[in-house]
>>> print(open('query.cif').read())   # mmCIF, C-alpha atoms
data_my_file
loop_
_atom_site.label_atom_id
_atom_site.label_comp_id
_atom_site.auth_asym_id
_atom_site.auth_seq_id
_atom_site.Cartn_x
_atom_site.Cartn_y
_atom_site.Cartn_z
CA MET B 107 4.34 -18.11 -21.92
CA SER B 108 3.25 -17.56 -18.31
CA VAL B 109 2.39 -14.08 -17.07
CA PRO B 110 4.55 -12.51 -14.35
CA SER B 111 3.44 -12.58 -10.75
CA ALA B 112 2.34 -9.60 -8.64
CA LEU B 113 1.81 -9.41 -4.89
CA VAL B 114 -0.55 -6.87 -3.33
CA LEU B 115 -0.16 -6.79 0.44
CA GLY B 116 -3.31 -5.39 1.98
CA GLY B 117 -5.02 -6.20 -1.29
CA GLY B 118 -8.44 -7.19 -0.03
CA GLY B 119 -10.29 -3.89 -0.08
CA GLY B 120 -10.18 -0.21 -0.84
CA ILE B 121 -7.03 0.87 -2.61
CA GLY B 122 -5.56 -2.64 -2.56
CA ALA B 123 -8.57 -4.07 -4.36
CA ALA B 124 -8.42 -1.36 -7.02
CA VAL B 125 -4.72 -2.08 -7.54
CA SER B 126 -5.40 -5.81 -7.80
CA ARG B 127 -8.07 -5.21 -10.46
CA ARG B 128 -5.58 -3.26 -12.56
CA LEU B 129 -2.67 -5.66 -12.13
CA VAL B 130 -4.63 -8.81 -12.96
CA VAL B 131 -4.93 -7.71 -16.58
CA ASP B 132 -1.35 -8.84 -17.24
CA HIS B 133 -0.16 -10.42 -13.99
CA ALA B 134 -1.02 -13.41 -11.85
CA VAL B 135 -2.07 -11.61 -8.68
CA THR B 136 -1.69 -12.75 -5.10
CA VAL B 137 -4.00 -10.82 -2.78
CA GLY B 138 -2.58 -10.67 0.71
CA PHE B 139 -5.01 -10.00 3.52
CA HIS B 140 -5.26 -10.41 7.28
CA GLU B 141 -8.86 -9.66 8.22
CA LYS B 142 -12.24 -9.41 6.43
CA ALA B 143 -11.84 -12.74 4.67
CA ASP B 144 -15.26 -12.57 2.98
CA ARG B 145 -14.34 -9.31 1.26
CA ALA B 146 -11.00 -10.66 0.07
CA LYS B 147 -12.56 -13.90 -1.14
CA ALA B 148 -15.20 -11.99 -3.09
CA LEU B 149 -12.47 -9.93 -4.77
CA VAL B 150 -10.52 -12.99 -5.92
CA GLU B 151 -13.71 -14.61 -7.19
CA GLU B 152 -14.37 -11.44 -9.17
CA LEU B 153 -10.85 -11.44 -10.62
CA THR B 154 -10.86 -15.11 -11.60
CA GLY B 155 -14.44 -14.92 -12.83
CA ALA B 156 -13.36 -12.28 -15.32
CA GLY B 157 -10.65 -14.60 -16.65
CA GLY B 158 -7.70 -13.45 -14.56
CA THR B 159 -5.29 -15.50 -12.49
CA ALA B 160 -5.54 -14.65 -8.79
CA GLN B 161 -5.21 -16.27 -5.41
CA LEU B 162 -5.66 -15.38 -1.76
CA VAL B 163 -3.09 -15.63 1.00
CA GLN B 164 -4.08 -14.86 4.57
CA SER B 165 -1.13 -13.55 6.54
CA ASP B 166 -0.25 -10.96 9.13
CA ALA B 167 1.98 -8.46 7.33
CA THR B 168 3.26 -7.08 10.64
CA THR B 169 5.14 -10.34 11.23
CA GLU B 170 8.15 -11.83 9.51
CA ALA B 171 6.41 -15.17 9.07
CA GLY B 172 3.35 -13.54 7.55
CA VAL B 173 5.31 -11.51 4.99
CA VAL B 174 7.48 -14.46 4.03
CA ALA B 175 4.38 -16.62 3.53
CA ALA B 176 2.81 -14.01 1.25
CA PHE B 177 5.93 -13.80 -0.91
CA ASP B 178 6.20 -17.61 -1.01
CA ALA B 179 2.63 -17.81 -2.31
CA ALA B 180 3.23 -15.13 -4.93
CA GLU B 181 6.32 -16.91 -6.27
CA GLU B 182 4.27 -20.05 -6.79
CA LEU B 183 2.36 -18.23 -9.54
CA GLY B 184 5.45 -17.16 -11.50
CA GLU B 185 8.39 -14.78 -11.50
CA LEU B 186 7.65 -12.01 -9.03
CA ARG B 187 7.77 -8.76 -10.95
CA VAL B 188 5.54 -6.38 -8.96
CA VAL B 189 5.01 -5.82 -5.23
CA VAL B 190 2.58 -3.22 -3.95
CA HIS B 191 2.38 -2.55 -0.20
CA CYS B 192 -1.07 -1.23 0.77
CA VAL B 193 -0.97 -2.20 4.44
CA GLY B 194 -1.82 0.55 6.89
CA GLY B 195 -4.25 2.16 9.26
CA TRP B 196 -4.57 5.04 11.66
CA GLY B 197 -6.20 6.34 14.79
CA TYR B 198 -6.50 9.81 16.25
CA PRO B 199 -4.61 9.82 19.57
CA ARG B 200 -3.45 13.08 21.03
CA ILE B 201 0.24 13.31 21.85
CA THR B 202 -0.68 13.49 25.54
CA ASP B 203 -2.59 10.20 25.26
CA LEU B 204 0.13 8.12 23.60
CA THR B 205 1.08 4.85 25.25
CA GLU B 206 3.72 2.28 24.44
CA GLN B 207 1.01 0.00 23.10
CA LEU B 208 -0.47 2.64 20.78
CA ILE B 209 2.98 3.51 19.46
CA ASP B 210 4.02 -0.10 18.95
CA GLU B 211 0.77 -1.03 17.19
CA ALA B 212 0.94 1.91 14.81
CA LEU B 213 4.58 1.34 13.94
CA ALA B 214 4.08 -2.39 13.45
CA LEU B 215 1.14 -1.94 11.09
CA ASN B 216 2.48 0.96 9.06
CA LEU B 217 6.26 0.76 9.25
CA ARG B 218 7.43 -2.70 10.29
CA SER B 219 5.20 -4.31 7.65
CA ALA B 220 6.73 -1.98 5.04
CA LEU B 221 10.30 -2.74 6.07
CA LEU B 222 9.65 -6.48 5.94
CA ALA B 223 8.03 -6.11 2.52
CA LEU B 224 11.01 -4.10 1.27
CA ARG B 225 13.40 -6.74 2.57
CA GLU B 226 11.61 -9.57 0.81
CA SER B 227 11.20 -7.50 -2.36
CA ALA B 228 14.93 -6.83 -2.46
CA ARG B 229 15.56 -10.55 -2.15
CA ARG B 230 12.91 -11.85 -4.53
CA VAL B 231 11.65 -9.37 -7.12
CA VAL B 232 13.16 -10.24 -10.49
CA ASP B 233 15.53 -7.93 -12.35
CA GLY B 234 13.63 -5.01 -13.83
CA GLY B 235 10.80 -5.41 -11.33
CA ARG B 236 8.68 -2.77 -9.65
CA VAL B 237 8.00 -2.09 -5.97
CA VAL B 238 5.45 0.52 -4.91
CA MET B 239 4.76 1.52 -1.32
CA LEU B 240 1.71 3.45 -0.11
CA SER B 241 2.38 6.39 2.17
CA SER B 242 0.00 9.21 3.10
CA ALA B 243 -0.25 12.97 2.84
CA ALA B 244 -0.05 12.84 6.64
CA ALA B 245 3.67 12.15 6.29
CA SER B 246 4.25 15.65 4.93
CA MET B 247 1.31 17.64 6.33
CA ALA B 248 1.55 16.29 9.89
CA PRO B 249 -2.12 16.76 10.84
CA LYS B 250 -3.15 17.01 14.47
CA ARG B 251 -3.81 13.73 16.29
CA GLN B 252 -1.92 11.63 13.73
CA SER B 253 1.53 11.59 15.27
CA THR B 254 2.10 7.83 15.09
CA TYR B 255 0.62 7.48 11.61
CA ALA B 256 2.52 10.46 10.19
CA ALA B 257 5.78 9.30 11.74
CA ALA B 258 5.37 5.75 10.45
CA LYS B 259 4.50 6.82 6.91
CA ALA B 260 7.43 9.24 6.84
CA GLY B 261 9.56 6.25 7.79
CA VAL B 262 8.13 4.26 4.88
CA GLU B 263 9.17 7.02 2.49
CA ALA B 264 12.71 7.12 3.87
CA ALA B 265 13.08 3.34 3.79
CA ALA B 266 11.83 3.17 0.20
CA ARG B 267 14.45 5.70 -0.90
CA VAL B 268 17.14 3.61 0.76
CA ALA B 269 15.86 0.42 -0.87
CA ALA B 270 15.82 2.09 -4.28
CA LYS B 271 19.56 2.71 -3.98
CA GLU B 272 20.27 -0.85 -2.92
CA VAL B 273 18.34 -2.64 -5.68
CA GLY B 274 18.75 -0.17 -8.54
CA GLY B 275 21.69 -2.06 -9.99
CA ARG B 276 19.29 -4.84 -10.99
CA GLY B 277 16.91 -2.43 -12.69
CA VAL B 278 14.37 -2.78 -9.87
CA THR B 279 12.55 0.44 -9.03
CA VAL B 280 11.17 1.34 -5.61
CA ASN B 281 8.75 4.24 -5.39
CA VAL B 282 6.10 5.67 -3.09
CA ILE B 283 2.60 6.91 -3.78
CA ARG B 284 1.39 9.49 -1.26
CA PRO B 285 -2.44 9.64 -1.35
CA GLY B 286 -4.59 12.24 0.31
CA ALA B 287 -8.05 11.49 1.73
CA THR B 288 -9.41 8.57 -0.28
CA ASP B 289 -13.01 7.39 -0.26
CA THR B 290 -12.70 3.94 1.29
CA ASP B 291 -14.71 2.03 3.87
CA THR B 292 -11.91 2.64 6.37
CA LEU B 293 -12.16 6.39 5.94
CA ARG B 294 -15.96 6.39 6.14
CA GLU B 295 -16.01 4.17 9.24
CA GLY B 296 -13.55 6.28 11.22
CA THR B 297 -14.36 9.83 10.13
CA SER B 298 -17.38 12.03 10.80
CA PRO B 299 -19.50 13.26 7.87
CA ARG B 300 -18.48 16.84 8.63
CA ALA B 301 -14.80 15.91 8.61
CA ILE B 302 -15.23 14.09 5.30
CA GLU B 303 -16.85 17.20 3.86
CA VAL B 304 -13.87 19.29 4.96
CA LEU B 305 -11.41 16.77 3.53
CA ALA B 306 -13.23 16.68 0.21
CA GLY B 307 -13.05 20.46 -0.07
CA SER B 308 -9.40 20.81 0.86
CA ASN B 309 -7.80 19.88 -2.46
CA ALA B 310 -7.84 21.50 -5.88
CA MET B 311 -10.34 18.98 -7.28
CA ARG B 312 -12.84 19.56 -4.46
CA ARG B 313 -13.59 15.88 -3.92
CA LEU B 314 -12.24 12.83 -2.16
CA GLY B 315 -9.87 10.67 -4.10
CA THR B 316 -11.10 7.26 -5.16
CA PRO B 317 -9.28 3.93 -4.88
CA GLU B 318 -9.20 3.92 -8.68
CA ASP B 319 -7.37 7.27 -8.67
CA ILE B 320 -4.64 5.80 -6.50
CA ALA B 321 -4.49 2.54 -8.45
CA ALA B 322 -3.93 4.53 -11.65
CA ALA B 323 -0.95 6.27 -10.05
CA VAL B 324 0.42 2.93 -8.85
CA MET B 325 0.14 1.48 -12.34
CA THR B 326 2.10 4.38 -13.77
CA LEU B 327 5.04 3.41 -11.56
CA CYS B 328 4.62 -0.28 -12.42
CA ALA B 329 4.81 0.32 -16.16
CA GLU B 330 7.63 -1.10 -18.24
CA ASP B 331 8.70 2.37 -19.36
CA SER B 332 8.91 3.83 -15.84
CA GLY B 333 12.34 2.34 -15.25
CA TRP B 334 14.08 5.70 -14.82
CA ILE B 335 11.80 6.69 -11.93
CA THR B 336 13.01 5.31 -8.61
CA GLY B 337 13.33 6.57 -5.06
CA ALA B 338 10.47 8.98 -5.81
CA VAL B 339 7.56 10.03 -3.62
CA VAL B 340 4.61 10.88 -5.87
CA ASP B 341 1.72 12.94 -4.49
CA ALA B 342 -1.61 11.56 -5.70
CA ASN B 343 -3.98 13.83 -3.79
CA GLY B 344 -5.82 16.04 -6.25
CA GLY B 345 -3.65 19.05 -5.55
CA LEU B 346 -3.83 18.93 -1.76
CA THR B 347 -0.13 19.76 -1.45
#
>>> encode(input="query.cif", output="structure tokens")
Amino acid sequence: MSVPSALVLGGGGGIGAAVSRRLVVDHAVTVGFHEKADRAKALVEELTGAGGTAQLVQSDATTEAGVVAAFDAAEELGELRVVVHCVGGWGYPRITDLTEQLIDEALALNLRSALLALRESARRVVDGGRVVMLSSAAASMAPKRQSTYAAAKAGVEAAARVAAKEVGGRGVTVNVIRPGATDTDTLREGTSPRAIEVLAGSNAMRRLGTPEDIAAAVMTLCAEDSGWITGAVVDANGGLT
């Protein structure tokens, strides 16, 4: 009997890679990525080398065509039971420095990609399936210089709650994980060492989260016996909020 299929959008590195490693244990995993092809390829080689079923699909998740292509590829591996949306990114523009381009780019990456993923999930995830979206503590804490990112992630949370109501009749759950500062290459590349130190000391655990921490939370919401949890936003931030 074939294993169910799972799609991880933004699955090539950081949190997405950790999620893919967990899902491949009992799913055929499609790793969606846009950039950093070598990293994504190495991940899939790791997954298949360990005996799992995994494939790559390169697509731009900010576009309709890209999201549709990713879902098409995932369905080729079996019935699509799990979708995890890990697409996102941020900058640090001041409100006074916002431009139409900065706004549009941030909303496309963080919100439009999520809305398109929710649309395709509602159409394609099998009855009893699981959809998990990644938000950010920024959506609730509204830190300085993250207006576009915080606004977009708050929109993801609202859209996920709407989707949960629309697909719940089929037993499909839609939930959101809200990480705090997580120790990824993206964080390290765009944040000063001093700022990282402050972030690590700002939660109850006194450390940065790890991609594995977030993947564990995702897997909780993907479990068979999590079917009564839907429309929820789950903080996974070590007690930051």
>>> residues_around(input="query.cif", residues="segment 211-218 of chain B", least_positions_apart="5", cutoff="8 Å", atoms="only C-alpha atoms", output="list in words")
Ala167, Thr168, Val193, Gly194, Gly195, Trp196, Thr254, Tyr255, Ala258, Lys259, Gly261 and Val262 of chain B
>>> atom_distance(input="query.cif", atom1="atom CA of Leu186 of chain B", atom2="atom CA of Thr288 of chain B")
28.1 Å
>>> residues_around(input="query.cif", residues="Thr297 of chain B", least_positions_apart="5", cutoff="12 Å", atoms="all atoms listed in the file", output="NGL selection string")
:B and (196-198 or 287-292 or 302-305)
>>> residues_around(input="query.cif", residues="Ala264 of chain B", least_positions_apart="5", cutoff="12 Å", atoms="all atoms listed in the file", output="JSON list (two decimals) with C-alpha atoms, in the frame of the given file")
[["chain", "number", "residue", "atom", "x", "y", "z"],
["B", 217, "LEU", "CA", 6.26, 0.76, 9.25],
["B", 220, "ALA", "CA", 6.73, -1.98, 5.04],
["B", 221, "LEU", "CA", 10.30, -2.74, 6.07],
["B", 224, "LEU", "CA", 11.01, -4.10, 1.27],
["B", 239, "MET", "CA", 4.76, 1.52, -1.32],
["B", 241, "SER", "CA", 2.38, 6.39, 2.17],
["B", 245, "ALA", "CA", 3.67, 12.15, 6.29],
["B", 257, "ALA", "CA", 5.78, 9.30, 11.74],
["B", 258, "ALA", "CA", 5.37, 5.75, 10.45],
["B", 259, "LYS", "CA", 4.50, 6.82, 6.91],
["B", 269, "ALA", "CA", 15.86, 0.42, -0.87],
["B", 270, "ALA", "CA", 15.82, 2.09, -4.28],
["B", 271, "LYS", "CA", 19.56, 2.71, -3.98],
["B", 280, "VAL", "CA", 11.17, 1.34, -5.61],
["B", 281, "ASN", "CA", 8.75, 4.24, -5.39],
["B", 282, "VAL", "CA", 6.10, 5.67, -3.09],
["B", 337, "GLY", "CA", 13.33, 6.57, -5.06],
["B", 338, "ALA", "CA", 10.47, 8.98, -5.81],
["B", 339, "VAL", "CA", 7.56, 10.03, -3.62]]
>>> atom_distance(input="query.cif", atom1="atom CA of Ala124 of chain B", atom2="atom CA of Lys142 of chain B")
16.1 Å
>>> residues_near_point(input="query.cif", point="(-9.0, -3.8, -4.6)", cutoff="12 Å", atoms="all atoms listed in the file", output="CSV table (one decimal) with C-alpha atoms, in the frame of the given file")
chain,number,residue,atom,x,y,z
B,114,VAL,CA,-0.6,-6.9,-3.3
B,115,LEU,CA,-0.2,-6.8,0.4
B,116,GLY,CA,-3.3,-5.4,2.0
B,117,GLY,CA,-5.0,-6.2,-1.3
B,118,GLY,CA,-8.4,-7.2,0.0
B,119,GLY,CA,-10.3,-3.9,-0.1
B,120,GLY,CA,-10.2,-0.2,-0.8
B,121,ILE,CA,-7.0,0.9,-2.6
B,122,GLY,CA,-5.6,-2.6,-2.6
B,123,ALA,CA,-8.6,-4.1,-4.4
B,124,ALA,CA,-8.4,-1.4,-7.0
B,125,VAL,CA,-4.7,-2.1,-7.5
B,126,SER,CA,-5.4,-5.8,-7.8
B,127,ARG,CA,-8.1,-5.2,-10.5
B,128,ARG,CA,-5.6,-3.3,-12.6
B,129,LEU,CA,-2.7,-5.7,-12.1
B,130,VAL,CA,-4.6,-8.8,-13.0
B,135,VAL,CA,-2.1,-11.6,-8.7
B,136,THR,CA,-1.7,-12.8,-5.1
B,137,VAL,CA,-4.0,-10.8,-2.8
B,138,GLY,CA,-2.6,-10.7,0.7
B,139,PHE,CA,-5.0,-10.0,3.5
B,145,ARG,CA,-14.3,-9.3,1.3
B,146,ALA,CA,-11.0,-10.7,0.1
B,147,LYS,CA,-12.6,-13.9,-1.1
B,148,ALA,CA,-15.2,-12.0,-3.1
B,149,LEU,CA,-12.5,-9.9,-4.8
B,150,VAL,CA,-10.5,-13.0,-5.9
B,152,GLU,CA,-14.4,-11.4,-9.2
B,153,LEU,CA,-10.8,-11.4,-10.6
B,190,VAL,CA,2.6,-3.2,-4.0
B,192,CYS,CA,-1.1,-1.2,0.8
B,290,THR,CA,-12.7,3.9,1.3
B,291,ASP,CA,-14.7,2.0,3.9
B,316,THR,CA,-11.1,7.3,-5.2
B,317,PRO,CA,-9.3,3.9,-4.9
B,318,GLU,CA,-9.2,3.9,-8.7
B,319,ASP,CA,-7.4,7.3,-8.7
B,320,ILE,CA,-4.6,5.8,-6.5
B,321,ALA,CA,-4.5,2.5,-8.4
>>> closest_residue(input="query.cif", among="B:Leu204, B:Leu293, B:Val231, B:Ala156", to="Ser111 of chain B", atoms="only C-alpha atoms")
B:Val231
>>> closest_residue(input="query.cif", among="B:Ile201, B:Gly296, B:Thr336, B:Asp341", to="Val238 of chain B", atoms="all atoms listed in the file")
B:Thr336
>>> closest_residue(input="query.cif", among="B:Ala265, B:Ala244, B:Val237, B:Met325", to="Asp132 of chain B", atoms="only C-alpha atoms")
B:Met325
>>> build_atoms(input="query.cif", residues="segment 311-325 of chain B", atoms="N, CA and C atoms", output="PDB file, in the coordinates of the input")
ATOM      1  N   MET B 311      -9.260  19.622  -6.550  1.00  0.00           N
ATOM      2  CA  MET B 311     -10.340  18.980  -7.280  1.00  0.00           C
ATOM      3  C   MET B 311     -11.682  19.048  -6.559  1.00  0.00           C
ATOM      4  N   ARG B 312     -11.638  19.416  -5.286  1.00  0.00           N
ATOM      5  CA  ARG B 312     -12.840  19.560  -4.460  1.00  0.00           C
ATOM      6  C   ARG B 312     -13.652  18.263  -4.360  1.00  0.00           C
ATOM      7  N   ARG B 313     -12.939  17.161  -4.160  1.00  0.00           N
ATOM      8  CA  ARG B 313     -13.590  15.880  -3.920  1.00  0.00           C
ATOM      9  C   ARG B 313     -12.609  14.952  -3.239  1.00  0.00           C
ATOM     10  N   LEU B 314     -13.121  13.874  -2.660  1.00  0.00           N
ATOM     11  CA  LEU B 314     -12.240  12.830  -2.160  1.00  0.00           C
ATOM     12  C   LEU B 314     -11.611  12.099  -3.337  1.00  0.00           C
ATOM     13  N   GLY B 315     -10.418  11.588  -3.122  1.00  0.00           N
ATOM     14  CA  GLY B 315      -9.870  10.670  -4.100  1.00  0.00           C
ATOM     15  C   GLY B 315     -10.644   9.368  -4.076  1.00  0.00           C
ATOM     16  N   THR B 316     -10.496   8.585  -5.109  1.00  0.00           N
ATOM     17  CA  THR B 316     -11.100   7.260  -5.160  1.00  0.00           C
ATOM     18  C   THR B 316      -9.989   6.212  -5.169  1.00  0.00           C
ATOM     19  N   PRO B 317     -10.298   4.981  -4.767  1.00  0.00           N
ATOM     20  CA  PRO B 317      -9.280   3.930  -4.880  1.00  0.00           C
ATOM     21  C   PRO B 317      -8.752   3.790  -6.305  1.00  0.00           C
ATOM     22  N   GLU B 318      -9.624   4.018  -7.281  1.00  0.00           N
ATOM     23  CA  GLU B 318      -9.200   3.920  -8.680  1.00  0.00           C
ATOM     24  C   GLU B 318      -8.192   5.008  -9.041  1.00  0.00           C
ATOM     25  N   ASP B 319      -8.362   6.205  -8.462  1.00  0.00           N
ATOM     26  CA  ASP B 319      -7.370   7.270  -8.670  1.00  0.00           C
ATOM     27  C   ASP B 319      -5.985   6.820  -8.222  1.00  0.00           C
ATOM     28  N   ILE B 320      -5.940   6.206  -7.054  1.00  0.00           N
ATOM     29  CA  ILE B 320      -4.640   5.800  -6.500  1.00  0.00           C
ATOM     30  C   ILE B 320      -4.081   4.609  -7.281  1.00  0.00           C
ATOM     31  N   ALA B 321      -4.953   3.684  -7.663  1.00  0.00           N
ATOM     32  CA  ALA B 321      -4.490   2.540  -8.450  1.00  0.00           C
ATOM     33  C   ALA B 321      -3.895   2.987  -9.781  1.00  0.00           C
ATOM     34  N   ALA B 322      -4.474   4.018 -10.391  1.00  0.00           N
ATOM     35  CA  ALA B 322      -3.930   4.530 -11.650  1.00  0.00           C
ATOM     36  C   ALA B 322      -2.518   5.067 -11.450  1.00  0.00           C
ATOM     37  N   ALA B 323      -2.298   5.756 -10.334  1.00  0.00           N
ATOM     38  CA  ALA B 323      -0.950   6.270 -10.050  1.00  0.00           C
ATOM     39  C   ALA B 323       0.024   5.121  -9.805  1.00  0.00           C
ATOM     40  N   VAL B 324      -0.424   4.101  -9.093  1.00  0.00           N
ATOM     41  CA  VAL B 324       0.420   2.930  -8.850  1.00  0.00           C
ATOM     42  C   VAL B 324       0.829   2.289 -10.178  1.00  0.00           C
ATOM     43  N   MET B 325      -0.143   2.140 -11.070  1.00  0.00           N
ATOM     44  CA  MET B 325       0.140   1.480 -12.340  1.00  0.00           C
ATOM     45  C   MET B 325       1.137   2.270 -13.176  1.00  0.00           C
TER      46      MET B 325
END
